[in-house]
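What follows is the content of work.pdb (PDB, C-alpha atoms).
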MODEL        1
ATOM      1  CA  MET A   1      16.766   8.244  15.755
ATOM      2  CA  PHE A   2      15.038   4.854  15.817
ATOM      3  CA  ARG A   3      13.726   3.281  12.619
ATOM      4  CA  LEU A   4      10.464   1.412  12.051
ATOM      5  CA  VAL A   5       9.091  -0.313   8.972
ATOM      6  CA  VAL A   6       5.698  -1.839   8.338
ATOM      7  CA  ALA A   7       5.282  -5.056   6.383
ATOM      8  CA  ASP A   8       2.380  -3.681   4.308
ATOM      9  CA  LEU A   9       1.581  -0.002   4.769
ATOM     10  CA  ASP A  10      -2.022  -0.363   3.597
ATOM     11  CA  SER A  11      -2.904  -3.311   5.840
ATOM     12  CA  PRO A  12      -5.357  -2.094   8.515
ATOM     13  CA  SER A  13      -3.959  -4.671  10.945
ATOM     14  CA  TYR A  14      -0.490  -3.088  10.808
ATOM     15  CA  PHE A  15      -1.697   0.497  10.410
ATOM     16  CA  VAL A  16      -1.584   1.095  14.159
ATOM     17  CA  ALA A  17       2.216   1.280  13.981
ATOM     18  CA  THR A  18       2.091   3.778  11.131
ATOM     19  CA  ALA A  19      -0.393   5.878  13.081
ATOM     20  CA  ALA A  20       1.750   5.762  16.215
ATOM     21  CA  VAL A  21       4.485   7.566  14.280
ATOM     22  CA  GLU A  22       2.346   9.826  12.099
ATOM     23  CA  LEU A  23       0.061  10.983  14.933
ATOM     24  CA  GLY A  24       3.038  11.802  17.151
ATOM     25  CA  PHE A  25       2.588   9.178  19.846
ATOM     26  CA  PHE A  26       6.212   7.997  19.718
ATOM     27  CA  LYS A  27       7.374  11.596  19.960
ATOM     28  CA  ALA A  28       5.029  12.193  22.894
ATOM     29  CA  GLU A  29       6.784   9.311  24.631
ATOM     30  CA  GLY A  30      10.138  11.015  24.056
ATOM     31  CA  VAL A  31      11.254   8.706  21.250
ATOM     32  CA  ASP A  32      12.267   9.933  17.802
ATOM     33  CA  VAL A  33      11.105   7.263  15.366
ATOM     34  CA  GLU A  34      11.419   7.455  11.599
ATOM     35  CA  LEU A  35       8.809   5.532   9.627
ATOM     36  CA  GLU A  36      10.375   4.295   6.419
ATOM     37  CA  PRO A  37       7.628   4.233   3.757
ATOM     38  CA  VAL A  38       8.891   1.042   2.155
ATOM     39  CA  PHE A  39       7.594  -2.471   1.628
ATOM     40  CA  GLY A  40       8.866  -3.835   4.932
ATOM     41  CA  ALA A  41       7.889  -7.442   4.265
ATOM     42  CA  ARG A  42      10.778  -7.752   1.827
ATOM     43  CA  ASN A  43      13.637  -7.435   4.326
ATOM     44  CA  GLY A  44      12.311  -6.070   7.621
ATOM     45  CA  PRO A  45      13.311  -9.065   9.781
ATOM     46  CA  GLU A  46      16.748  -9.202   8.182
ATOM     47  CA  ARG A  47      17.277  -5.519   8.931
ATOM     48  CA  LEU A  48      16.326  -6.105  12.549
ATOM     49  CA  ARG A  49      19.038  -8.739  12.598
ATOM     50  CA  ASP A  50      21.747  -6.498  11.138
ATOM     51  CA  GLY A  51      20.824  -3.546  13.364
ATOM     52  CA  SER A  52      19.736  -1.117  10.633
ATOM     53  CA  LEU A  53      16.160  -1.313  11.931
ATOM     54  CA  HIS A  54      14.763  -1.166  15.456
ATOM     55  CA  PHE A  55      11.060  -2.049  15.105
ATOM     56  CA  PHE A  56       9.184  -4.207  12.612
ATOM     57  CA  ALA A  57       5.390  -4.053  12.421
ATOM     58  CA  GLY A  58       4.008  -7.102  10.680
ATOM     59  CA  PRO A  59       3.186 -10.791  11.038
ATOM     60  CA  ALA A  60       4.077 -12.299  14.387
ATOM     61  CA  TYR A  61       5.848 -15.179  12.611
ATOM     62  CA  ALA A  62       8.000 -13.004  10.329
ATOM     63  CA  ALA A  63      11.111 -12.763  12.511
ATOM     64  CA  THR A  64      11.735 -16.498  12.128
ATOM     65  CA  ARG A  65      13.279 -15.704   8.722
ATOM     66  CA  ALA A  66      16.216 -13.962  10.373
ATOM     67  CA  PHE A  67      16.066 -15.256  13.964
ATOM     68  CA  PRO A  68      15.863 -19.074  13.929
ATOM     69  CA  GLY A  69      13.313 -20.215  16.482
ATOM     70  CA  TRP A  70      12.717 -16.506  17.246
ATOM     71  CA  SER A  71      15.999 -16.549  19.204
ATOM     72  CA  GLY A  72      17.133 -12.937  19.577
ATOM     73  CA  ALA A  73      13.760 -11.414  18.665
ATOM     74  CA  LYS A  74      10.782 -10.557  20.857
ATOM     75  CA  LEU A  75       7.175  -9.532  20.346
ATOM     76  CA  LEU A  76       6.601  -6.310  22.284
ATOM     77  CA  CYS A  77       2.829  -6.255  21.870
ATOM     78  CA  ALA A  78       0.035  -7.086  19.474
ATOM     79  CA  LEU A  79      -0.988  -4.482  16.922
ATOM     80  CA  SER A  80      -4.322  -6.233  16.448
ATOM     81  CA  GLN A  81      -5.897  -9.493  17.504
ATOM     82  CA  TYR A  82      -6.286 -12.747  15.558
ATOM     83  CA  SER A  83      -5.477 -13.847  12.023
ATOM     84  CA  TYR A  84      -6.119 -11.011   9.611
ATOM     85  CA  TRP A  85      -6.029 -13.019   6.376
ATOM     86  CA  PHE A  86      -9.012 -12.808   4.055
ATOM     87  CA  MET A  87     -10.150 -14.686   0.990
ATOM     88  CA  GLY A  88     -12.183 -12.915  -1.641
ATOM     89  CA  ILE A  89     -14.005 -14.612  -4.491
ATOM     90  CA  ARG A  90     -15.559 -13.578  -7.803
ATOM     91  CA  ALA A  91     -18.566 -11.331  -7.257
ATOM     92  CA  ASP A  92     -20.713 -13.552  -9.466
ATOM     93  CA  SER A  93     -19.803 -16.736  -7.592
ATOM     94  CA  LYS A  94     -22.676 -18.653  -5.987
ATOM     95  CA  VAL A  95     -20.396 -19.867  -3.203
ATOM     96  CA  GLN A  96     -21.710 -19.078   0.278
ATOM     97  CA  ARG A  97     -19.394 -17.256   2.655
ATOM     98  CA  GLY A  98     -17.477 -19.677   4.850
ATOM     99  CA  ASP A  99     -18.302 -22.836   2.843
ATOM    100  CA  LEU A 100     -15.031 -24.754   3.088
ATOM    101  CA  ASN A 101     -16.144 -27.425   0.614
ATOM    102  CA  ALA A 102     -16.099 -24.739  -2.053
ATOM    103  CA  LEU A 103     -12.308 -24.444  -1.696
ATOM    104  CA  LYS A 104     -12.035 -27.584  -3.820
ATOM    105  CA  GLY A 105     -11.362 -26.814  -7.451
ATOM    106  CA  LEU A 106     -10.628 -23.116  -6.963
ATOM    107  CA  ARG A 107      -7.723 -21.224  -8.469
ATOM    108  CA  ILE A 108      -6.571 -18.977  -5.617
ATOM    109  CA  SER A 109      -4.213 -16.065  -6.185
ATOM    110  CA  SER A 110      -1.677 -15.120  -3.518
ATOM    111  CA  SER A 111       1.647 -13.332  -3.243
ATOM    112  CA  MET A 112       4.603 -13.516  -0.866
ATOM    113  CA  GLU A 113       5.927 -16.572   0.919
ATOM    114  CA  GLY A 114       4.309 -15.942   4.313
ATOM    115  CA  PRO A 115       0.714 -15.511   3.153
ATOM    116  CA  ILE A 116       1.108 -18.521   0.856
ATOM    117  CA  LEU A 117       2.202 -20.580   3.856
ATOM    118  CA  GLY A 118      -0.929 -19.409   5.640
ATOM    119  CA  LEU A 119      -3.069 -20.356   2.664
ATOM    120  CA  ARG A 120      -1.515 -23.811   2.432
ATOM    121  CA  TYR A 121      -2.093 -24.327   6.142
ATOM    122  CA  LEU A 122      -5.728 -23.230   5.830
ATOM    123  CA  LEU A 123      -6.300 -25.626   2.935
ATOM    124  CA  ALA A 124      -4.685 -28.525   4.792
ATOM    125  CA  GLN A 125      -6.729 -27.793   7.923
ATOM    126  CA  SER A 126      -9.838 -27.679   5.740
ATOM    127  CA  GLY A 127      -9.126 -31.161   4.362
ATOM    128  CA  VAL A 128      -8.165 -29.910   0.910
ATOM    129  CA  GLU A 129      -5.398 -31.652  -1.009
ATOM    130  CA  LEU A 130      -4.281 -29.551  -3.942
ATOM    131  CA  GLU A 131      -3.672 -32.267  -6.524
ATOM    132  CA  ARG A 132      -6.507 -34.543  -5.462
ATOM    133  CA  ASP A 133      -9.078 -31.770  -5.256
ATOM    134  CA  GLY A 134      -7.950 -29.710  -8.232
ATOM    135  CA  THR A 135      -7.236 -26.637  -6.109
ATOM    136  CA  GLN A 136      -4.460 -24.381  -7.377
ATOM    137  CA  ILE A 137      -2.433 -21.597  -5.770
ATOM    138  CA  VAL A 138      -1.460 -19.199  -8.550
ATOM    139  CA  PRO A 139       0.857 -16.146  -8.462
ATOM    140  CA  ALA A 140      -0.773 -12.758  -8.043
ATOM    141  CA  PRO A 141      -0.556 -10.531 -11.122
ATOM    142  CA  SER A 142       1.996  -7.746 -11.015
ATOM    143  CA  ARG A 143       1.711  -4.005 -11.588
ATOM    144  CA  ALA A 144       4.502  -1.454 -11.914
ATOM    145  CA  ASN A 145       4.276  -0.648  -8.188
ATOM    146  CA  ALA A 146       3.556  -4.256  -7.234
ATOM    147  CA  GLU A 147       6.116  -4.592  -4.462
ATOM    148  CA  GLN A 148       4.896  -1.613  -2.463
ATOM    149  CA  TRP A 149       1.179  -1.524  -3.269
ATOM    150  CA  ARG A 150      -0.631  -4.827  -3.797
ATOM    151  CA  GLY A 151      -4.193  -3.778  -3.068
ATOM    152  CA  HIS A 152      -5.337  -4.343  -6.661
ATOM    153  CA  SER A 153      -3.769  -7.773  -7.036
ATOM    154  CA  GLY A 154      -6.918  -9.659  -6.013
ATOM    155  CA  ALA A 155      -9.184  -7.696  -8.340
ATOM    156  CA  ASP A 156      -6.616  -7.980 -11.141
ATOM    157  CA  ALA A 157      -6.380 -11.751 -10.706
ATOM    158  CA  ILE A 158     -10.128 -12.024 -11.230
ATOM    159  CA  THR A 159     -10.480  -9.552 -14.096
ATOM    160  CA  GLN A 160      -7.512 -11.072 -15.940
ATOM    161  CA  GLY A 161      -8.974 -14.572 -15.580
ATOM    162  CA  ILE A 162      -5.983 -15.789 -13.589
ATOM    163  CA  ALA A 163      -7.942 -16.886 -10.525
ATOM    164  CA  ASP A 164     -11.400 -17.509  -9.097
ATOM    165  CA  ALA A 165     -10.439 -16.250  -5.645
ATOM    166  CA  PHE A 166      -7.631 -14.391  -3.913
ATOM    167  CA  TRP A 167      -5.925 -14.387  -0.533
ATOM    168  CA  GLY A 168      -4.401 -11.471   1.353
ATOM    169  CA  ASN A 169      -5.117  -8.495   3.587
ATOM    170  CA  GLY A 170      -8.332  -6.543   3.947
ATOM    171  CA  MET A 171      -7.365  -3.862   1.437
ATOM    172  CA  ARG A 172      -7.469  -6.413  -1.401
ATOM    173  CA  VAL A 173     -11.035  -7.374  -0.564
ATOM    174  CA  ALA A 174     -12.075  -3.740  -0.146
ATOM    175  CA  ILE A 175     -10.745  -2.748  -3.578
ATOM    176  CA  ALA A 176     -12.285  -5.793  -5.273
ATOM    177  CA  GLU A 177     -15.633  -4.982  -3.652
ATOM    178  CA  LYS A 178     -15.394  -1.322  -4.653
ATOM    179  CA  LEU A 179     -14.701  -2.318  -8.270
ATOM    180  CA  GLY A 180     -17.591  -4.791  -8.199
ATOM    181  CA  VAL A 181     -15.471  -7.785  -9.208
ATOM    182  CA  GLY A 182     -15.088  -9.584  -5.873
ATOM    183  CA  LYS A 183     -16.786 -10.269  -2.553
ATOM    184  CA  LEU A 184     -15.772 -11.587   0.844
ATOM    185  CA  TYR A 185     -15.525 -15.374   1.136
ATOM    186  CA  LEU A 186     -13.448 -16.053   4.268
ATOM    187  CA  ASP A 187     -12.556 -13.772   7.188
ATOM    188  CA  LEU A 188     -10.529 -15.802   9.684
ATOM    189  CA  ARG A 189     -10.617 -13.126  12.374
ATOM    190  CA  ARG A 190     -14.405 -13.263  12.525
ATOM    191  CA  GLY A 191     -14.740 -17.018  12.685
ATOM    192  CA  ASP A 192     -14.599 -18.247   9.078
ATOM    193  CA  GLY A 193     -12.330 -21.152   8.208
ATOM    194  CA  PRO A 194     -11.612 -24.422  10.006
ATOM    195  CA  PRO A 195     -11.662 -24.586  13.823
ATOM    196  CA  GLY A 196      -8.894 -22.481  15.336
ATOM    197  CA  ALA A 197      -8.181 -20.510  12.155
ATOM    198  CA  ARG A 198      -8.335 -17.176  13.976
ATOM    199  CA  TRP A 199      -5.282 -18.276  16.001
ATOM    200  CA  TYR A 200      -2.948 -18.940  13.049
ATOM    201  CA  ASN A 201      -1.283 -15.558  13.244
ATOM    202  CA  PHE A 202      -1.635 -11.985  14.485
ATOM    203  CA  ALA A 203      -0.085  -8.593  13.811
ATOM    204  CA  ALA A 204       2.690  -7.643  16.226
ATOM    205  CA  LEU A 205       5.457  -5.156  16.922
ATOM    206  CA  THR A 206       8.760  -7.021  16.901
ATOM    207  CA  THR A 207      12.120  -5.846  18.173
ATOM    208  CA  THR A 208      15.368  -7.457  19.287
ATOM    209  CA  GLU A 209      16.332  -8.848  22.667
ATOM    210  CA  GLN A 210      19.377  -6.583  22.448
ATOM    211  CA  LEU A 211      17.278  -3.420  22.266
ATOM    212  CA  ILE A 212      15.106  -4.580  25.159
ATOM    213  CA  SER A 213      18.194  -5.371  27.239
ATOM    214  CA  GLU A 214      20.073  -2.176  26.432
ATOM    215  CA  ARG A 215      17.155   0.272  26.169
ATOM    216  CA  PRO A 216      14.160  -1.073  28.102
ATOM    217  CA  ASP A 217      12.894   2.521  28.358
ATOM    218  CA  ILE A 218      12.661   2.751  24.561
ATOM    219  CA  ALA A 219      10.900  -0.605  24.344
ATOM    220  CA  ALA A 220       8.375   0.463  26.993
ATOM    221  CA  SER A 221       7.805   3.776  25.224
ATOM    222  CA  ALA A 222       7.126   1.917  21.972
ATOM    223  CA  VAL A 223       4.438  -0.169  23.654
ATOM    224  CA  ARG A 224       2.801   2.915  25.153
ATOM    225  CA  ALA A 225       2.840   4.641  21.750
ATOM    226  CA  ILE A 226       1.135   1.673  20.106
ATOM    227  CA  VAL A 227      -1.546   1.502  22.787
ATOM    228  CA  LYS A 228      -2.259   5.233  22.404
ATOM    229  CA  ALA A 229      -2.564   4.813  18.636
ATOM    230  CA  GLN A 230      -4.954   1.888  19.066
ATOM    231  CA  GLN A 231      -7.142   3.926  21.409
ATOM    232  CA  ALA A 232      -7.080   7.001  19.148
ATOM    233  CA  LEU A 233      -8.105   5.044  16.047
ATOM    234  CA  GLN A 234     -10.863   3.269  17.951
ATOM    235  CA  ALA A 235     -12.226   6.638  19.071
ATOM    236  CA  ASP A 236     -11.908   8.272  15.641
ATOM    237  CA  PRO A 237     -11.131   6.094  12.603
ATOM    238  CA  SER A 238     -11.138   9.192  10.385
ATOM    239  CA  LEU A 239      -7.700  10.025  11.792
ATOM    240  CA  ALA A 240      -6.440   7.446   9.291
ATOM    241  CA  THR A 241      -7.534   9.416   6.224
ATOM    242  CA  PRO A 242      -4.941  12.234   6.222
ATOM    243  CA  ILE A 243      -2.229   9.681   6.955
ATOM    244  CA  GLY A 244      -3.375   7.640   3.980
ATOM    245  CA  GLU A 245      -3.476  10.746   1.804
ATOM    246  CA  ARG A 246       0.164  11.449   2.666
ATOM    247  CA  LEU A 247       1.450   7.917   2.217
ATOM    248  CA  PHE A 248      -0.914   5.874   0.005
ATOM    249  CA  PRO A 249      -2.132   5.888  -3.584
ATOM    250  CA  ALA A 250      -5.473   7.676  -3.890
ATOM    251  CA  GLU A 251      -7.689   4.579  -3.965
ATOM    252  CA  GLU A 252      -6.121   3.017  -0.882
ATOM    253  CA  ALA A 253      -6.260   6.393   0.895
ATOM    254  CA  SER A 254      -9.987   6.679   0.216
ATOM    255  CA  LEU A 255     -10.673   3.284   1.817
ATOM    256  CA  ILE A 256      -8.366   3.202   4.826
ATOM    257  CA  ALA A 257     -10.659   4.920   7.368
ATOM    258  CA  GLU A 258     -13.505   2.524   6.538
ATOM    259  CA  LEU A 259     -11.176  -0.435   7.053
ATOM    260  CA  ILE A 260      -9.877   0.997  10.320
ATOM    261  CA  ALA A 261     -13.446   1.436  11.583
ATOM    262  CA  ARG A 262     -14.184  -2.190  10.713
ATOM    263  CA  ASP A 263     -11.084  -3.571  12.430
ATOM    264  CA  ALA A 264     -10.812  -1.156  15.364
ATOM    265  CA  PRO A 265     -12.588  -3.540  17.795
ATOM    266  CA  PHE A 266      -9.582  -5.846  17.375
ATOM    267  CA  TYR A 267      -6.996  -3.174  18.248
ATOM    268  CA  ASP A 268      -5.722  -4.596  21.502
ATOM    269  CA  ALA A 269      -2.051  -4.830  22.520
ATOM    270  CA  ARG A 270      -2.434  -7.916  24.680
ATOM    271  CA  ILE A 271      -0.839 -11.193  23.603
ATOM    272  CA  ALA A 272      -2.833 -14.118  24.983
ATOM    273  CA  PRO A 273      -1.333 -17.555  25.647
ATOM    274  CA  GLU A 274      -3.825 -18.945  23.101
ATOM    275  CA  ALA A 275      -2.337 -16.612  20.476
ATOM    276  CA  VAL A 276       1.167 -17.942  21.107
ATOM    277  CA  ASP A 277      -0.075 -21.549  21.082
ATOM    278  CA  GLY A 278      -1.803 -21.030  17.729
ATOM    279  CA  LEU A 279       1.197 -19.229  16.297
ATOM    280  CA  ASN A 280       3.462 -22.087  17.402
ATOM    281  CA  ARG A 281       1.225 -24.655  15.714
ATOM    282  CA  PHE A 282       1.240 -22.693  12.468
ATOM    283  CA  ALA A 283       4.993 -22.065  12.591
ATOM    284  CA  VAL A 284       5.873 -25.710  13.257
ATOM    285  CA  ALA A 285       3.458 -27.042  10.621
ATOM    286  CA  SER A 286       4.807 -24.546   8.075
ATOM    287  CA  GLY A 287       8.463 -25.342   8.777
ATOM    288  CA  LEU A 288       9.242 -21.896  10.200
ATOM    289  CA  VAL A 289      10.484 -23.366  13.490
ATOM    290  CA  ALA A 290      11.581 -26.860  14.442
ATOM    291  CA  ALA A 291       9.705 -26.919  17.748
ATOM    292  CA  PRO A 292       7.329 -24.713  19.743
ATOM    293  CA  VAL A 293       8.787 -21.988  21.935
ATOM    294  CA  THR A 294       7.456 -20.936  25.315
ATOM    295  CA  TYR A 295       5.392 -17.816  25.858
ATOM    296  CA  ASP A 296       8.205 -15.982  27.631
ATOM    297  CA  GLN A 297      10.736 -16.960  24.980
ATOM    298  CA  LEU A 298       8.616 -15.252  22.344
ATOM    299  CA  VAL A 299       6.886 -12.387  24.167
ATOM    300  CA  ALA A 300       8.452  -9.478  26.054
ATOM    301  CA  SER A 301       6.026 -10.124  28.872
ATOM    302  CA  GLN A 302       7.749  -7.683  31.242
ATOM    303  CA  PHE A 303       5.765  -5.001  29.422
ATOM    304  CA  ARG A 304       2.385  -6.671  29.767
ATOM    305  CA  GLU A 305       1.141  -4.128  32.330
ATOM    306  CA  LEU A 306       1.450  -1.479  29.602
ATOM    307  CA  TRP A 307      -0.778  -3.368  27.134
ATOM    308  CA  SER A 308      -3.996  -2.104  28.697
ATOM    309  CA  GLY A 309      -2.860   1.509  28.685
TER     310      GLY A 309
ENDMDL
END

For this file, write the structure as structure tokens.
Amino acid sequence: MFRLVVADLDSPSYFVATAAVELGFFKAEGVDVELEPVFGARNGPERLRDGSLHFFAGPAYAATRAFPGWSGAKLLCALSQYSYWFMGIRADSKVQRGDLNALKGLRISSSMEGPILGLRYLLAQSGVELERDGTQIVPAPSRANAEQWRGHSGADAITQGIADAFWGNGMRVAIAEKLGVGKLYLDLRRGDGPPGARWYNFAALTTTEQLISERPDIAASAVRAIVKAQQALQADPSLATPIGERLFPAEEASLIAELIARDAPFYDARIAPEAVDGLNRFAVASGLVAAPVTYDQLVASQFRELWSG
């Protein structure tokens, strides 16, 4: 039995990996994979390192926590293309979508170290200096299930008066919009943000060099399973709903198919050189790695012929 965890189960950019297990695509490839319904962002990379986990679906940069300079870890394929970070803002704000000058003076809620690094990088690339411009990054409010399910944290930050805006995955924006308290401000994937923002990061399936070396058949089967899940969700986003109903709280489950339909055009397993270049720039600037790594150091490119299905 092989084990897989997802950084955020309700993130539509990572959902492909969940679907690959739940829709039986790993099993169809002859691989028994157990999806652990946990908050994988907490210790997924570390578990890859200690061997208690075989696949981690999440940010392409995440393995640097446990594999310095990505040494010992490899990206098997992309789960989705481009940076999938969003910023939402109060629904009654007069700020125009994409107006980077409006970042000055905002209180922006965010949680977790990685997304906060992405937010800091975005602000710096936008010419915003926190102290000079009166911009604040404030902790996201917490609920009883805060570690596993953070979809309400953006809406809560606004309704509790903690923040004017919030940063995170698409589920946070969707819930804030549904509740009528927030609206979309920045969507990096679709061109908002400073030049090159869509290349900061992408969602990827990460494994170890050891697994690839010892079981290349399993690694190849994992890539094929992901590609089949991407194609299935593109053809029918409603496949996500029963999965959400099994795994998610009710509100997240009711929204997941809509989010999958929105993001399905970006479900592509290919990892472009531009994606690795952008990821390197973000990782170096954020102190995650000391120096850029080459494409073949980071990507298991021997499986690239499988990316197109």

From the options A:Gly191, A:Tyr121, A:Arg143, A:Ile162, which residue's atoms come nearest to Ser109 (chain A), counting only C-alpha atoms?
A:Ile162

Distance query Gly180 (chain A) at most 12 Å, all atoms listed in the file, self and fewer than 4 positions along chain excluded, as a VMD selection string:
chain A and resid 88 to 92 154 to 156 158 to 159 173 to 176 184

List as a PyMOL selection string the protein and nucleic acid residues near Leu79 (chain A), meaning an atom at most 6 Å away when only C-alpha atoms are counted, but skip any in the same chain fewer than 6 places from it.
chain A and resi 203-204+269

Include C-alpha atoms and write out the residues we just selected as a PDB file, in the frame of the given file.
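The result, stored in selection_37.pdb:
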ATOM      1  CA  ALA A 203      -0.085  -8.593  13.811  1.00  0.00           C
ATOM      2  CA  ALA A 204       2.690  -7.643  16.226  1.00  0.00           C
ATOM      3  CA  ALA A 269      -2.051  -4.830  22.520  1.00  0.00           C
TER       4      ALA A 269
END

Write out as a count of residues only which residues come within 10 Å of Val21 (chain A) when counting only C-alpha atoms, dropping same-chain ones fewer than 4 positions away.
16

Applying the PyMOL selection byres ((chain A and resi 102) around 12) to the file I just gave you, which residues come out? Please list them as a ChimeraX atom specification.
/A:89,93-101,103-108,123,126-128,133-135,164-165,185-186,193

Explicit residues for the PyMOL selection byres ((chain A and resi 141) around 6) (as a list in words):
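Residues picked by the PyMOL selection byres ((chain A and resi 141) around 6): Ala140, Ser142, Ser153 and Ala157 of chain A.
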
Evaluate the PyMOL selection byres ((chain A and resi 306) around 12) here and jot the selected residues down as a PyMOL selection string.
chain A and resi 76-78+219-228+268-271+300-305+307-309

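Residue nearest Pro139 (chain A) within the list A:Phe266, A:Glu274, A:Ser111, A:Val299: A:Ser111 [criterion: smallest interatomic distance, all atoms listed in the file].
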
Option closest in space to Arg49 (chain A), from A:Thr241, A:Ser83, A:Ser110, A:Thr64 [counting only C-alpha atoms]:
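The answer is A:Thr64, which sits nearest to Arg49 (chain A).
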
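Taking CA of Ile243 (chain A) and CA of Ala63 (chain A) as the two end points, the separation is 26.7 Å.
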
Work out where the centre of an axis-aligned box around every listed atom of region 236-243 of chain A lies and how long its edges are once 4 Å is added on each side; give both in Å to one decimal as lines of an AutoDock Vina configuration file.
center_x = -7.1
center_y = 9.2
center_z = 10.9
size_x = 17.7
size_y = 14.1
size_z = 17.4

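Nearest-residue note for Leu211 (chain A): choosing from A:His54, A:Val289, A:Asn169, A:Ala261, the minimum distance belongs to A:His54, counting only C-alpha atoms.
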
Quick one: region 58-73 of chain A with N, CA and C atoms, as a tab-separated table (two decimals), in the first residue's frame?
chain	number	residue	atom	x	y	z
A	58	GLY	N	0.75	19.06	-3.47
A	58	GLY	CA	0.72	20.38	-2.86
A	58	GLY	C	1.60	21.36	-3.60
A	59	PRO	N	2.07	22.40	-2.92
A	59	PRO	CA	2.90	23.40	-3.58
A	59	PRO	C	4.20	22.80	-4.09
A	60	ALA	N	4.63	23.26	-5.25
A	60	ALA	CA	5.87	22.73	-5.82
A	60	ALA	C	7.08	23.06	-4.98
A	61	TYR	N	7.00	24.11	-4.16
A	61	TYR	CA	8.15	24.50	-3.33
A	61	TYR	C	8.21	23.74	-2.01
A	62	ALA	N	7.16	23.03	-1.62
A	62	ALA	CA	7.00	22.55	-0.25
A	62	ALA	C	8.10	21.60	0.20
A	63	ALA	N	8.62	20.78	-0.70
A	63	ALA	CA	9.61	19.78	-0.30
A	63	ALA	C	10.90	20.40	0.22
A	64	THR	N	11.14	21.68	-0.07
A	64	THR	CA	12.37	22.30	0.41
A	64	THR	C	12.46	22.32	1.93
A	65	ARG	N	11.32	22.19	2.62
A	65	ARG	CA	11.33	22.14	4.08
A	65	ARG	C	12.10	20.93	4.60
A	66	ALA	N	12.00	19.82	3.89
A	66	ALA	CA	12.59	18.57	4.36
A	66	ALA	C	13.74	18.08	3.49
A	67	PHE	N	13.84	18.63	2.28
A	67	PHE	CA	14.89	18.24	1.33
A	67	PHE	C	15.62	19.51	0.90
A	68	PRO	N	16.67	19.90	1.61
A	68	PRO	CA	17.36	21.15	1.28
A	68	PRO	C	17.75	21.21	-0.20
A	69	GLY	N	17.39	22.32	-0.83
A	69	GLY	CA	17.68	22.47	-2.26
A	69	GLY	C	16.96	21.45	-3.12
A	70	TRP	N	15.88	20.87	-2.60
A	70	TRP	CA	15.11	19.81	-3.26
A	70	TRP	C	15.91	18.52	-3.42
A	71	SER	N	17.09	18.42	-2.86
A	71	SER	CA	17.92	17.23	-3.02
A	71	SER	C	17.23	16.02	-2.39
A	72	GLY	N	16.96	15.01	-3.21
A	72	GLY	CA	16.29	13.81	-2.73
A	72	GLY	C	14.81	13.77	-3.06
A	73	ALA	N	14.26	14.88	-3.51
A	73	ALA	CA	12.85	14.96	-3.90
A	73	ALA	C	12.74	15.31	-5.38
